[in-house]
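Structure data follow from protein.pdb (PDB, C-alpha atoms and all ligand atoms):
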```
ATOM      1  CA  MET V1131       5.196 -18.825   6.980
ATOM      2  CA  ASN V1132       1.669 -17.677   7.772
ATOM      3  CA  ARG V1133       2.192 -16.693  11.429
ATOM      4  CA  ALA V1134       4.724 -14.366  12.982
ATOM      5  CA  ASP V1135       5.369 -12.145  15.987
ATOM      6  CA  ILE V1136       5.319  -9.059  13.782
ATOM      7  CA  ALA V1137       3.722  -8.399  10.400
ATOM      8  CA  ILE V1138       5.077  -5.444   8.453
ATOM      9  CA  VAL V1139       2.946  -4.130   5.602
ATOM     10  CA  GLY V1140       5.103  -2.417   2.983
ATOM     11  CA  ALA V1141       8.714  -3.077   1.952
ATOM     12  CA  GLY V1142       9.908   0.491   1.440
ATOM     13  CA  PRO V1143      12.582   2.135   3.633
ATOM     14  CA  ALA V1144      10.288   2.211   6.708
ATOM     15  CA  GLY V1145       9.256  -1.445   6.484
ATOM     16  CA  ILE V1146      12.791  -2.596   5.653
ATOM     17  CA  SER V1147      14.214  -0.754   8.655
ATOM     18  CA  ALA V1148      11.610  -2.313  10.964
ATOM     19  CA  ALA V1149      12.183  -5.800   9.492
ATOM     20  CA  LEU V1150      15.995  -5.668   9.820
ATOM     21  CA  ASN V1151      15.729  -4.605  13.457
ATOM     22  CA  ALA V1152      13.111  -7.292  14.156
ATOM     23  CA  LYS V1153      15.483  -9.904  12.787
ATOM     24  CA  ILE V1154      18.365  -8.602  14.918
ATOM     25  CA  ARG V1155      16.060  -8.882  17.945
ATOM     26  CA  ASN V1156      15.211 -12.488  17.064
ATOM     27  CA  LYS V1157      11.552 -11.904  16.363
ATOM     28  CA  SER V1158       9.747 -13.753  13.616
ATOM     29  CA  VAL V1159       8.601 -11.305  11.005
ATOM     30  CA  ILE V1160       6.601 -11.312   7.778
ATOM     31  CA  LEU V1161       7.481  -8.417   5.496
ATOM     32  CA  PHE V1162       4.787  -7.853   2.869
ATOM     33  CA  GLY V1163       5.691  -6.030  -0.316
ATOM     34  CA  ASN V1164       7.187  -6.878  -3.627
ATOM     35  CA  GLY V1165      10.653  -7.887  -4.755
ATOM     36  CA  ASP V1166      11.229  -4.468  -6.351
ATOM     37  CA  LEU V1167      10.941  -2.828  -2.918
ATOM     38  CA  SER V1168       9.954   0.856  -3.092
ATOM     39  CA  ARG V1169       8.961   2.316  -6.456
ATOM     40  CA  LYS V1170       9.363   5.804  -4.974
ATOM     41  CA  VAL V1171      12.987   5.116  -4.055
ATOM     42  CA  GLU V1172      13.551   3.542  -7.474
ATOM     43  CA  LEU V1173      12.256   6.718  -9.137
ATOM     44  CA  SER V1174      14.700   9.016  -7.282
ATOM     45  CA  LYS V1175      17.421   9.858  -9.786
ATOM     46  CA  LEU V1176      19.801  11.266  -7.199
ATOM     47  CA  ILE V1177      19.511  11.091  -3.431
ATOM     48  CA  SER V1178      21.848  13.506  -1.697
ATOM     49  CA  ASN V1179      20.388  13.698   1.822
ATOM     50  CA  TYR V1180      20.846  10.139   3.102
ATOM     51  CA  PRO V1181      23.722  10.093   5.623
ATOM     52  CA  GLY V1182      26.794   8.163   4.567
ATOM     53  CA  LEU V1183      25.665   7.609   0.983
ATOM     54  CA  PRO V1184      26.161  10.912  -0.826
ATOM     55  CA  GLU V1185      24.951  11.118  -4.414
ATOM     56  CA  ILE V1186      23.437   7.679  -4.636
ATOM     57  CA  SER V1187      20.699   6.887  -7.134
ATOM     58  CA  GLY V1188      17.415   5.414  -5.919
ATOM     59  CA  LYS V1189      18.069   2.302  -7.966
ATOM     60  CA  GLU V1190      21.440   1.787  -6.238
ATOM     61  CA  LEU V1191      19.932   2.409  -2.806
ATOM     62  CA  ASN V1192      17.187  -0.154  -3.478
ATOM     63  CA  GLU V1193      19.897  -2.643  -4.508
ATOM     64  CA  LYS V1194      21.712  -1.969  -1.228
ATOM     65  CA  PHE V1195      18.475  -2.422   0.729
ATOM     66  CA  LYS V1196      17.856  -5.724  -1.062
ATOM     67  CA  ALA V1197      21.415  -6.940  -0.386
ATOM     68  CA  HIS V1198      21.037  -6.013   3.294
ATOM     69  CA  LEU V1199      17.747  -7.927   3.581
ATOM     70  CA  ASP V1200      19.308 -10.952   1.863
ATOM     71  CA  LYS V1201      22.341 -10.828   4.169
ATOM     72  CA  ALA V1202      20.098 -10.642   7.228
ATOM     73  CA  GLY V1203      17.946 -13.502   5.917
ATOM     74  CA  VAL V1204      14.777 -11.415   5.716
ATOM     75  CA  GLY V1205      12.567 -12.560   2.861
ATOM     76  CA  ILE V1206       9.783 -10.563   1.275
ATOM     77  CA  THR V1207       6.331 -12.085   1.114
ATOM     78  CA  ASP V1208       5.114 -10.938  -2.277
ATOM     79  CA  GLU V1209       1.515 -10.215  -1.369
ATOM     80  CA  LYS V1210      -0.657  -7.151  -1.317
ATOM     81  CA  ILE V1211      -2.564  -6.906   1.933
ATOM     82  CA  THR V1212      -6.183  -6.023   1.271
ATOM     83  CA  GLY V1213      -7.604  -6.049   4.786
ATOM     84  CA  ILE V1214      -6.558  -6.340   8.432
ATOM     85  CA  TYR V1215      -8.662  -7.100  11.481
ATOM     86  CA  LYS V1216      -8.179  -8.277  15.055
ATOM     87  CA  ARG V1217      -9.342 -11.732  16.184
ATOM     88  CA  GLY V1218      -8.713 -13.052  19.684
ATOM     89  CA  GLY V1219      -6.043 -10.438  20.371
ATOM     90  CA  ARG V1220      -4.094 -11.282  17.197
ATOM     91  CA  PHE V1221      -4.071  -9.500  13.881
ATOM     92  CA  ILE V1222      -5.363 -11.289  10.777
ATOM     93  CA  LEU V1223      -4.021  -9.981   7.480
ATOM     94  CA  LEU V1224      -5.805 -10.824   4.258
ATOM     95  CA  ALA V1225      -4.135 -11.075   0.865
ATOM     96  CA  ASP V1226      -6.537 -12.143  -1.858
ATOM     97  CA  LEU V1227      -7.789 -15.465  -0.496
ATOM     98  CA  LYS V1228      -4.851 -16.056   1.878
ATOM     99  CA  GLU V1229      -4.746 -15.324   5.604
ATOM    100  CA  PHE V1230      -1.737 -14.410   7.722
ATOM    101  CA  GLU V1231      -1.570 -13.955  11.493
ATOM    102  CA  ALA V1232       0.626 -11.839  13.754
ATOM    103  CA  ASP V1233       0.713 -10.550  17.332
ATOM    104  CA  CYS V1234       1.312  -7.013  16.174
ATOM    105  CA  VAL V1235       1.422  -5.027  12.971
ATOM    106  CA  ILE V1236       3.572  -2.222  11.604
ATOM    107  CA  LEU V1237       1.964  -0.295   8.754
ATOM    108  CA  ALA V1238       4.635   1.047   6.394
ATOM    109  CA  THR V1239       2.511   1.398   3.286
ATOM    110  CA  GLY V1240       3.785   4.744   2.018
ATOM    111  CA  ALA V1241       1.549   7.642   1.160
ATOM    112  CA  GLU V1242      -1.549   7.116  -0.936
ATOM    113  CA  SER V1243      -0.423   8.371  -4.348
ATOM    114  CA  LEU V1244      -3.725   9.694  -5.689
ATOM    115  CA  LYS V1245      -6.237  11.626  -3.628
ATOM    116  CA  PRO V1246      -9.622   9.886  -3.502
ATOM    117  CA  VAL V1247     -12.082  11.314  -6.023
ATOM    118  CA  GLU V1248     -15.552  12.458  -5.006
ATOM    119  CA  GLY V1249     -17.760   9.425  -4.273
ATOM    120  CA  GLU V1250     -14.819   6.950  -4.081
ATOM    121  CA  ARG V1251     -15.150   6.394  -0.335
ATOM    122  CA  GLU V1252     -18.939   6.784  -0.285
ATOM    123  CA  PHE V1253     -19.522   3.943  -2.777
ATOM    124  CA  LEU V1254     -16.886   1.549  -1.405
ATOM    125  CA  GLY V1255     -18.524  -1.908  -1.381
ATOM    126  CA  ARG V1256     -21.429  -0.528  -3.442
ATOM    127  CA  GLY V1257     -19.724  -0.634  -6.816
ATOM    128  CA  VAL V1258     -16.322   0.776  -5.839
ATOM    129  CA  SER V1259     -13.502  -1.687  -5.136
ATOM    130  CA  PHE V1260      -9.756  -1.526  -4.535
ATOM    131  CA  CYS V1261      -9.079  -5.206  -5.215
ATOM    132  CA  ALA V1262      -9.490  -6.866  -8.617
ATOM    133  CA  THR V1263      -8.912 -10.398  -7.336
ATOM    134  CA  CYS V1264     -11.386  -9.998  -4.475
ATOM    135  CA  ASP V1265     -14.239  -8.348  -6.368
ATOM    136  CA  GLY V1266     -13.563  -8.821 -10.088
ATOM    137  CA  ASN V1267     -16.005 -11.710 -10.422
ATOM    138  CA  LEU V1268     -18.886  -9.500  -9.304
ATOM    139  CA  PHE V1269     -18.507  -7.603 -12.581
ATOM    140  CA  LYS V1270     -18.494 -10.498 -15.032
ATOM    141  CA  GLY V1271     -19.895  -9.293 -18.364
ATOM    142  CA  LYS V1272     -20.472  -5.765 -17.011
ATOM    143  CA  THR V1273     -19.156  -2.303 -17.808
ATOM    144  CA  ILE V1274     -16.578  -0.939 -15.411
ATOM    145  CA  ALA V1275     -14.111   1.905 -15.012
ATOM    146  CA  VAL V1276     -10.574   1.122 -13.847
ATOM    147  CA  SER V1277      -8.211   3.753 -12.482
ATOM    148  CA  CYS V1278      -4.590   2.571 -12.131
ATOM    149  CA  ASP V1279      -1.839   4.561 -10.413
ATOM    150  CA  CYS V1280       1.303   2.642 -11.385
ATOM    151  CA  PRO V1281       2.552   0.112 -13.983
ATOM    152  CA  GLU V1282       2.949  -2.593 -11.296
ATOM    153  CA  GLU V1283      -0.839  -2.649 -10.802
ATOM    154  CA  GLU V1284      -1.621  -2.956 -14.515
ATOM    155  CA  ALA V1285      -1.786  -6.768 -14.440
ATOM    156  CA  GLU V1286      -4.908  -6.320 -12.292
ATOM    157  CA  ALA V1287      -6.432  -4.122 -14.998
ATOM    158  CA  VAL V1288      -5.662  -6.808 -17.593
ATOM    159  CA  TYR V1289      -7.392  -9.383 -15.393
ATOM    160  CA  LEU V1290     -10.461  -7.143 -15.089
ATOM    161  CA  SER V1291     -10.595  -6.682 -18.855
ATOM    162  CA  GLU V1292     -10.776 -10.479 -19.195
ATOM    163  CA  ILE V1293     -13.863 -10.565 -16.962
ATOM    164  CA  ALA V1294     -15.780  -7.397 -17.777
ATOM    165  CA  GLN V1295     -17.524  -6.756 -21.044
ATOM    166  CA  ARG V1296     -16.183  -3.216 -21.369
ATOM    167  CA  VAL V1297     -13.499  -1.360 -19.440
ATOM    168  CA  TYR V1298     -13.009   2.409 -19.371
ATOM    169  CA  TYR V1299      -9.346   2.573 -18.424
ATOM    170  CA  PHE V1300      -7.666   5.528 -16.662
ATOM    171  CA  PRO V1301      -3.936   4.880 -16.140
ATOM    172  CA  SER V1302      -2.070   7.749 -14.474
ATOM    173  CA  PHE V1303       1.089   6.806 -16.437
ATOM    174  CA  LYS V1304       1.901   6.140 -20.093
ATOM    175  CA  SER V1305       0.311   2.770 -20.742
ATOM    176  CA  SER V1306       0.550   0.670 -23.882
ATOM    177  CA  LEU V1307      -2.241  -1.661 -22.764
ATOM    178  CA  GLU V1308      -4.588  -2.283 -25.707
ATOM    179  CA  ARG V1309      -7.513  -4.691 -25.900
ATOM    180  CA  GLU V1310     -10.691  -4.716 -27.943
ATOM    181  CA  ASN V1311     -12.884  -4.058 -24.911
ATOM    182  CA  ILE V1312     -10.662  -1.346 -23.374
ATOM    183  CA  ILE V1313     -11.467   2.303 -23.991
ATOM    184  CA  LYS V1314      -9.109   5.014 -22.777
ATOM    185  CA  PRO V1315     -11.009   8.298 -22.366
ATOM    186  CA  HIS V1316      -8.948  11.475 -22.751
ATOM    187  CA  SER V1317     -10.078  12.965 -19.460
ATOM    188  CA  GLY V1318      -9.671  11.682 -15.879
ATOM    189  CA  ILE V1319     -12.331  10.643 -13.359
ATOM    190  CA  LYS V1320     -13.742  13.572 -11.378
ATOM    191  CA  ALA V1321     -16.498  11.800  -9.439
ATOM    192  CA  VAL V1322     -18.262   8.511  -8.903
ATOM    193  CA  CYS V1323     -22.041   9.004  -8.847
ATOM    194  CA  GLY V1324     -25.213   7.029  -8.183
ATOM    195  CA  GLN V1325     -28.174   6.621  -5.845
ATOM    196  CA  ASN V1326     -27.653   3.491  -3.724
ATOM    197  CA  ARG V1327     -24.870   2.062  -5.904
ATOM    198  CA  VAL V1328     -22.462   3.278  -8.542
ATOM    199  CA  GLU V1329     -24.332   4.250 -11.706
ATOM    200  CA  GLU V1330     -21.928   6.488 -13.578
ATOM    201  CA  ILE V1331     -18.649   8.357 -13.484
ATOM    202  CA  LYS V1332     -18.235  12.024 -14.209
ATOM    203  CA  LEU V1333     -15.065  13.033 -16.060
ATOM    204  CA  LYS V1334     -13.040  16.217 -15.590
ATOM    205  CA  ASN V1335     -14.170  17.423 -19.030
ATOM    206  CA  GLY V1336     -17.825  17.134 -17.946
ATOM    207  CA  ASP V1337     -18.607  13.895 -19.840
ATOM    208  CA  LYS V1338     -20.588  11.200 -18.035
ATOM    209  CA  ILE V1339     -20.186   7.442 -18.569
ATOM    210  CA  LYS V1340     -22.624   4.785 -17.325
ATOM    211  CA  VAL V1341     -20.775   2.040 -15.418
ATOM    212  CA  ASP V1342     -21.665  -0.818 -13.063
ATOM    213  CA  GLY V1343     -18.523  -0.472 -10.985
ATOM    214  CA  VAL V1344     -15.233   1.361 -10.525
ATOM    215  CA  PHE V1345     -11.889  -0.154  -9.520
ATOM    216  CA  PHE V1346      -9.188   2.060  -8.026
ATOM    217  CA  LEU V1347      -5.930   0.111  -8.345
ATOM    218  CA  LYS V1348      -3.395   1.815  -6.096
ATOM    219  CA  GLN V1349       0.080   0.877  -4.970
ATOM    220  CA  SER V1350      -0.654   2.249  -1.504
ATOM    221  CA  ALA V1351      -4.295   2.244  -0.496
ATOM    222  CA  ALA V1352      -5.617   4.426   2.299
ATOM    223  CA  ALA V1353      -4.646   2.915   5.643
ATOM    224  CA  ASP V1354      -8.055   3.318   7.262
ATOM    225  CA  ILE V1355      -9.534   1.214   4.467
ATOM    226  CA  LEU V1356      -7.030  -1.554   5.238
ATOM    227  CA  LEU V1357      -7.822  -1.443   8.947
ATOM    228  CA  SER V1358     -11.173  -0.043   9.988
ATOM    229  CA  LYS V1359     -11.352   2.350  12.978
ATOM    230  CA  LEU V1360      -7.708   3.355  12.404
ATOM    231  CA  GLU V1361      -7.525   7.084  13.083
ATOM    232  CA  THR V1362      -6.207   9.230  10.260
ATOM    233  CA  GLU V1363      -6.065  12.928   9.480
ATOM    234  CA  ASN V1364      -5.982  14.152   5.881
ATOM    235  CA  GLY V1365      -5.235  10.593   4.784
ATOM    236  CA  ARG V1366      -2.232  10.157   7.101
ATOM    237  CA  ILE V1367      -2.163   7.772  10.089
ATOM    238  CA  ILE V1368      -2.166   9.522  13.464
ATOM    239  CA  VAL V1369       0.743   8.285  15.618
ATOM    240  CA  ASP V1370       2.455   9.381  18.813
ATOM    241  CA  ARG V1371       6.228   9.656  19.312
ATOM    242  CA  GLU V1372       6.432   5.882  19.750
ATOM    243  CA  MET V1373       4.664   5.378  16.390
ATOM    244  CA  LYS V1374       1.644   3.908  18.163
ATOM    245  CA  THR V1375      -1.687   4.256  16.398
ATOM    246  CA  ASN V1376      -5.037   4.340  18.214
ATOM    247  CA  ILE V1377      -5.252   0.534  17.845
ATOM    248  CA  ASP V1378      -3.372  -1.440  20.495
ATOM    249  CA  GLY V1379      -0.591  -3.478  18.845
ATOM    250  CA  CYS V1380      -0.701  -1.532  15.588
ATOM    251  CA  PHE V1381       2.159   0.843  14.761
ATOM    252  CA  ALA V1382       2.885   2.933  11.689
ATOM    253  CA  ALA V1383       6.024   4.378  10.097
ATOM    254  CA  GLY V1384       7.196   6.316   7.070
ATOM    255  CA  ASP V1385       5.278   8.369   4.528
ATOM    256  CA  CYS V1386       1.946   6.890   5.706
ATOM    257  CA  THR V1387       2.278   8.949   8.930
ATOM    258  CA  GLY V1388       2.813  12.232   7.079
ATOM    259  CA  ALA V1389       5.501  14.755   6.143
ATOM    260  CA  PRO V1390       8.398  15.169   5.766
ATOM    261  CA  TYR V1391       8.350  12.582   2.969
ATOM    262  CA  GLN V1392      11.975  11.514   3.232
ATOM    263  CA  ILE V1393      13.873   8.247   3.300
ATOM    264  CA  ALA V1394      15.796   9.055   6.506
ATOM    265  CA  LYS V1395      12.557   9.886   8.324
ATOM    266  CA  ALA V1396      10.970   6.620   7.096
ATOM    267  CA  VAL V1397      13.975   4.568   8.228
ATOM    268  CA  GLY V1398      13.999   6.285  11.641
ATOM    269  CA  GLU V1399      10.284   5.774  12.192
ATOM    270  CA  GLY V1400      10.572   2.118  11.127
ATOM    271  CA  ASN V1401      13.181   1.668  13.839
ATOM    272  CA  VAL V1402      11.055   3.394  16.505
ATOM    273  CA  ALA V1403       7.954   1.421  15.486
ATOM    274  CA  LEU V1404       9.870  -1.836  15.823
ATOM    275  CA  HIS V1405      11.067  -0.950  19.329
ATOM    276  CA  SER V1406       7.512  -0.096  20.330
ATOM    277  CA  ALA V1407       6.367  -3.413  18.848
ATOM    278  CA  LEU V1408       8.981  -5.200  21.003
ATOM    279  CA  ALA V1409       7.625  -3.436  24.105
ATOM    280  CA  TYR V1410       4.097  -4.471  23.085
ATOM    281  CA  LEU V1411       5.136  -8.128  22.626
ATOM    282  CA  SER V1412       6.719  -8.015  26.052
ATOM    283  CA  LYS V1413       3.544  -6.525  27.543
ATOM    284  CA  ILE V1414       1.395  -9.345  26.138
ATOM    285  CA  GLY V1415       3.857 -11.970  27.376
ATOM    286  CA  LYS V1416       5.470 -12.824  24.021
ATOM    287  CA  ASN V1417       9.030 -12.081  25.054
ATOM    288  CA  GLN V1418      10.373 -15.631  25.114
TER     289      GLN V1418
HETATM  290  C1  LIG M1501      10.762  10.994  -7.572
HETATM  291  C2  LIG M1501      11.039  10.936  -6.084
HETATM  292  C3  LIG M1501      12.250  11.376  -5.600
HETATM  293  C4  LIG M1501      12.513  11.330  -4.224
HETATM  294  N1  LIG M1501      13.729  11.755  -3.779
HETATM  295  C5  LIG M1501      14.016  11.681  -2.461
HETATM  296  C6  LIG M1501      15.296  12.099  -1.977
HETATM  297  O1  LIG M1501      16.167  12.556  -2.739
HETATM  298  N2  LIG M1501      15.526  11.987  -0.639
HETATM  299  C7  LIG M1501      14.598  11.509   0.245
HETATM  300  O2  LIG M1501      14.873  11.414   1.436
HETATM  301  N3  LIG M1501      13.381  11.090  -0.196
HETATM  302  C8  LIG M1501      13.071  11.171  -1.520
HETATM  303  N4  LIG M1501      11.836  10.773  -1.958
HETATM  304  C9  LIG M1501      10.832  10.324  -0.971
HETATM  305  C10 LIG M1501      11.073   8.890  -0.520
HETATM  306  O3  LIG M1501      11.147   8.032  -1.653
HETATM  307  C11 LIG M1501       9.939   8.447   0.424
HETATM  308  O4  LIG M1501       9.849   9.357   1.494
HETATM  309  C12 LIG M1501      10.217   7.047   0.974
HETATM  310  O5  LIG M1501      10.296   6.097  -0.072
HETATM  311  C13 LIG M1501       9.137   6.644   1.965
HETATM  312  O6  LIG M1501       9.367   5.346   2.398
HETATM  313  P1  LIG M1501       8.167   4.440   2.977
HETATM  314  O7  LIG M1501       8.791   3.151   3.356
HETATM  315  O8  LIG M1501       7.393   5.195   3.978
HETATM  316  O9  LIG M1501       7.164   4.265   1.748
HETATM  317  P2  LIG M1501       7.397   3.713   0.200
HETATM  318  O10 LIG M1501       8.800   3.927  -0.165
HETATM  319  O11 LIG M1501       6.302   4.362  -0.520
HETATM  320  O12 LIG M1501       7.166   2.170   0.394
HETATM  321  C14 LIG M1501       5.916   1.639   0.741
HETATM  322  C15 LIG M1501       5.808   0.249   0.119
HETATM  323  O13 LIG M1501       4.668  -0.397   0.666
HETATM  324  C16 LIG M1501       4.048  -1.153  -0.352
HETATM  325  N5  LIG M1501       2.651  -1.324   0.012
HETATM  326  C17 LIG M1501       1.701  -0.366   0.138
HETATM  327  N6  LIG M1501       0.543  -0.905   0.495
HETATM  328  C18 LIG M1501       0.758  -2.242   0.597
HETATM  329  C19 LIG M1501      -0.091  -3.333   0.920
HETATM  330  N7  LIG M1501      -1.367  -3.143   1.188
HETATM  331  N8  LIG M1501       0.439  -4.586   0.929
HETATM  332  C20 LIG M1501       1.758  -4.785   0.635
HETATM  333  N9  LIG M1501       2.618  -3.773   0.315
HETATM  334  C21 LIG M1501       2.106  -2.532   0.292
HETATM  335  C22 LIG M1501       4.193  -0.275  -1.608
HETATM  336  O14 LIG M1501       4.080  -1.063  -2.753
HETATM  337  C23 LIG M1501       5.602   0.277  -1.408
HETATM  338  O15 LIG M1501       6.564  -0.538  -2.018
HETATM  339  C24 LIG M1501      11.541  10.816  -3.320
HETATM  340  C25 LIG M1501      10.320  10.358  -3.824
HETATM  341  C26 LIG M1501      10.063  10.415  -5.184
HETATM  342  C27 LIG M1501       8.735   9.894  -5.691
END
```
Starting from the coordinates I provided, produce the structure as structure tokens.
Amino acid sequence: MNRADIAIVGAGPAGISAALNAKIRNKSVILFGNGDLSRKVELSKLISNYPGLPEISGKELNEKFKAHLDKAGVGITDEKITGIYKRGGRFILLADLKEFEADCVILATGAESLKPVEGEREFLGRGVSFCATCDGNLFKGKTIAVSCDCPEEEAEAVYLSEIAQRVYYFPSFKSSLERENIIKPHSGIKAVCGQNRVEEIKLKNGDKIKVDGVFFLKQSAAADILLSKLETENGRIIVDREMKTNIDGCFAAGDCTGAPYQIAKAVGEGNVALHSALAYLSKIGKNQ
């Protein structure tokens, strides 16, 4: 399905809550994420503050979420959304070379795991990219740096190493990825530098490396990069009590809206966002 009433970006607790309620309310919904649901939930060894499920592990809770989605008949569209824009009153969501369409959108992307480094935003589109599939070909035979924030994104780094001549690789986890053209420096990226385009990266230990481009592979990218003109503060999406953002028809829920970073808060906001989305659909005459 490429069109729906509601598109939900992110299949963590917030997105799942919104999707289950959308289904109950007979709305067509596309839930973007991956089959493993939330890595953050998965990493929680013991959750003791979720009502009704004392002392449950994150792994068990994810299994329960998955079973609930299956029972409700909500599938997960295994795509990473790389851009969203509005066309003719509808939202267009881009995933690699695919396009999806929805009347409204709920952003439930979680919190950006790594803070942007100096120059990351400034050089976006001028040597900095967040999407290997979209921009990898621009760096055929070149030297690039690749920062990767979670094992699930590492396949993208492998793909880039097949295209680029040399890759300086900066995984923020223990990675066993080895290839002839991959170099793993012992210090992290401090800044991306250049005049009009990326020319080099500066490492935390003071070293400098000449590169043609830098890829930041993140599980949750900054929301205002996904959707331009979306208002954020300190990297978190600004919402009101109805989880409305500054963009009509776009709602947000969960960690992406800020603290407290808790499952119960994410689930609650997902529910509120969905109800606001229903009111929006009604307002634009999509209630039938
Ligand atoms: C180690 C650890 C322990 C924790 N313990 C607890 C605890 O005991 N109790 C508690 O309440 N909370 C705990 N938390 C916090 C809790 O996990 C988070 O608050 C919660 O998962 C937030 O849910 P969310 O749906 O907002 O975001 P996430 O769970 O982060 O889910 C967001 C999902 O969106 C996906 N996504 C992001 N961008 C895109 C995109 N562009 N396209 C498609 N999909 C996308 C991501 O891959 C991710 O799966 C813990 C967190 C950690 C890391």
Once the PyMOL selection byres (((not hetatm)) within 8 of (chain M and resi 1501)) has been evaluated on this model, what residues remain selected, and can you format them as a PyMOL selection string?
chain V and resi 1139-1146+1162-1164+1166-1180+1188+1208-1213+1225+1238-1241+1349-1351+1356+1383-1386+1390-1397
When you draw a straight line from CA of Ala1148 in chain V to CA of Glu1372 in chain V, how long is it in Å?
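Taking CA of Ala1148 in chain V and CA of Glu1372 in chain V, their separation equals 13.1 Å.
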Taking into account only C-alpha atoms, which residue in the set V:Gly1165, V:Gly1219, V:Gly1255, V:Gly1400 is nearest to Thr1207 in chain V?
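Going through V:Gly1165, V:Gly1219, V:Gly1255, V:Gly1400 one by one, the smallest distance to Thr1207 in chain V is for V:Gly1165.
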With distances taken over all atoms listed in the file, which of V:Glu1283, V:Glu1330, V:Asp1135, V:Asp1370 is nearest to Ser1305 in chain V?
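Answer, going by the shortest atom-to-atom distance: V:Glu1283.
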How many Å separate CA of Phe1269 in chain V from CA of Leu1290 in chain V?
8.4 Å
Please determine, counting all atoms listed in the file, which residue among V:Ser1317, V:Ser1147, V:Thr1387, V:Asn1267 has the shortest atom-to-atom distance to Leu1404 in chain V.
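Residue with the minimum atom-to-atom distance to Leu1404 in chain V: V:Ser1147.
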Considering all atoms listed in the file, return as a list in words whatever protein or nucleic-acid residues lie within 9 Å of Thr1263 in chain V, sequence-local ones (same chain, fewer than 5 positions apart) excluded.
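Near neighbours after the sequence-gap exclusion: Asp1226, Leu1227, Glu1286, Tyr1289 and Leu1290 of chain V.
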Which is closest to Ala1275 in chain V among V:Arg1220, V:Arg1309, V:Lys1340, V:Lys1334, if we use only C-alpha atoms?
V:Lys1340
Could you name the residues that touch Pro1315 in chain V at 8 Å or less, counting only C-alpha atoms, but leaving out those on the same chain fewer than 6 positions away, as a PyMOL selection string?
chain V and resi 1298-1300
Which value, in Å to one decimal, gives the distance between CA of Ile1136 in chain V and CA of Ile1236 in chain V?
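Those two atoms sit 7.4 Å apart.
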Residue IDs satisfying the PyMOL selection byres (((chain V and resi 1377) around 12) and not hetatm), as JSON, numbers by chain:
{"V": [1214, 1215, 1216, 1219, 1220, 1221, 1234, 1235, 1236, 1237, 1354, 1357, 1358, 1359, 1360, 1361, 1362, 1367, 1368, 1369, 1370, 1373, 1374, 1375, 1376, 1378, 1379, 1380, 1381, 1382, 1410]}
May I have the selected residues written with C-alpha atoms, as a PDB file, keeping the file's coordinate frame?
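The new file again22.pdb reads:
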```
ATOM      1  CA  ILE V1214      -6.558  -6.340   8.432  1.00  0.00           C
ATOM      2  CA  TYR V1215      -8.662  -7.100  11.481  1.00  0.00           C
ATOM      3  CA  LYS V1216      -8.179  -8.277  15.055  1.00  0.00           C
ATOM      4  CA  GLY V1219      -6.043 -10.438  20.371  1.00  0.00           C
ATOM      5  CA  ARG V1220      -4.094 -11.282  17.197  1.00  0.00           C
ATOM      6  CA  PHE V1221      -4.071  -9.500  13.881  1.00  0.00           C
ATOM      7  CA  CYS V1234       1.312  -7.013  16.174  1.00  0.00           C
ATOM      8  CA  VAL V1235       1.422  -5.027  12.971  1.00  0.00           C
ATOM      9  CA  ILE V1236       3.572  -2.222  11.604  1.00  0.00           C
ATOM     10  CA  LEU V1237       1.964  -0.295   8.754  1.00  0.00           C
ATOM     11  CA  ASP V1354      -8.055   3.318   7.262  1.00  0.00           C
ATOM     12  CA  LEU V1357      -7.822  -1.443   8.947  1.00  0.00           C
ATOM     13  CA  SER V1358     -11.173  -0.043   9.988  1.00  0.00           C
ATOM     14  CA  LYS V1359     -11.352   2.350  12.978  1.00  0.00           C
ATOM     15  CA  LEU V1360      -7.708   3.355  12.404  1.00  0.00           C
ATOM     16  CA  GLU V1361      -7.525   7.084  13.083  1.00  0.00           C
ATOM     17  CA  THR V1362      -6.207   9.230  10.260  1.00  0.00           C
ATOM     18  CA  ILE V1367      -2.163   7.772  10.089  1.00  0.00           C
ATOM     19  CA  ILE V1368      -2.166   9.522  13.464  1.00  0.00           C
ATOM     20  CA  VAL V1369       0.743   8.285  15.618  1.00  0.00           C
ATOM     21  CA  ASP V1370       2.455   9.381  18.813  1.00  0.00           C
ATOM     22  CA  MET V1373       4.664   5.378  16.390  1.00  0.00           C
ATOM     23  CA  LYS V1374       1.644   3.908  18.163  1.00  0.00           C
ATOM     24  CA  THR V1375      -1.687   4.256  16.398  1.00  0.00           C
ATOM     25  CA  ASN V1376      -5.037   4.340  18.214  1.00  0.00           C
ATOM     26  CA  ASP V1378      -3.372  -1.440  20.495  1.00  0.00           C
ATOM     27  CA  GLY V1379      -0.591  -3.478  18.845  1.00  0.00           C
ATOM     28  CA  CYS V1380      -0.701  -1.532  15.588  1.00  0.00           C
ATOM     29  CA  PHE V1381       2.159   0.843  14.761  1.00  0.00           C
ATOM     30  CA  ALA V1382       2.885   2.933  11.689  1.00  0.00           C
ATOM     31  CA  TYR V1410       4.097  -4.471  23.085  1.00  0.00           C
TER      32      TYR V1410
END
```
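Take the candidates V:Ala1294, V:Lys1348, V:Glu1250, V:Arg1371 and check each one against Val1402 in chain V using all atoms listed in the file; the shortest distance goes to V:Arg1371.
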Result set, the PyMOL selection byres (((chain V and resi 1270-1274) around 10) and not hetatm) on current file, as number ranges by chain:
V: 1257-1258, 1265-1269, 1275-1276, 1290-1299, 1311-1312, 1328, 1330-1331, 1339-1345
Identify, on the basis of only C-alpha atoms, every residue whose closest approach to Lys1338 in chain V does not exceed 10 Å; exclude the query and any residue fewer than 4 positions from it along the same chain; express the result as a VMD selection string.
chain V and resid 1319 to 1323 1330 to 1334
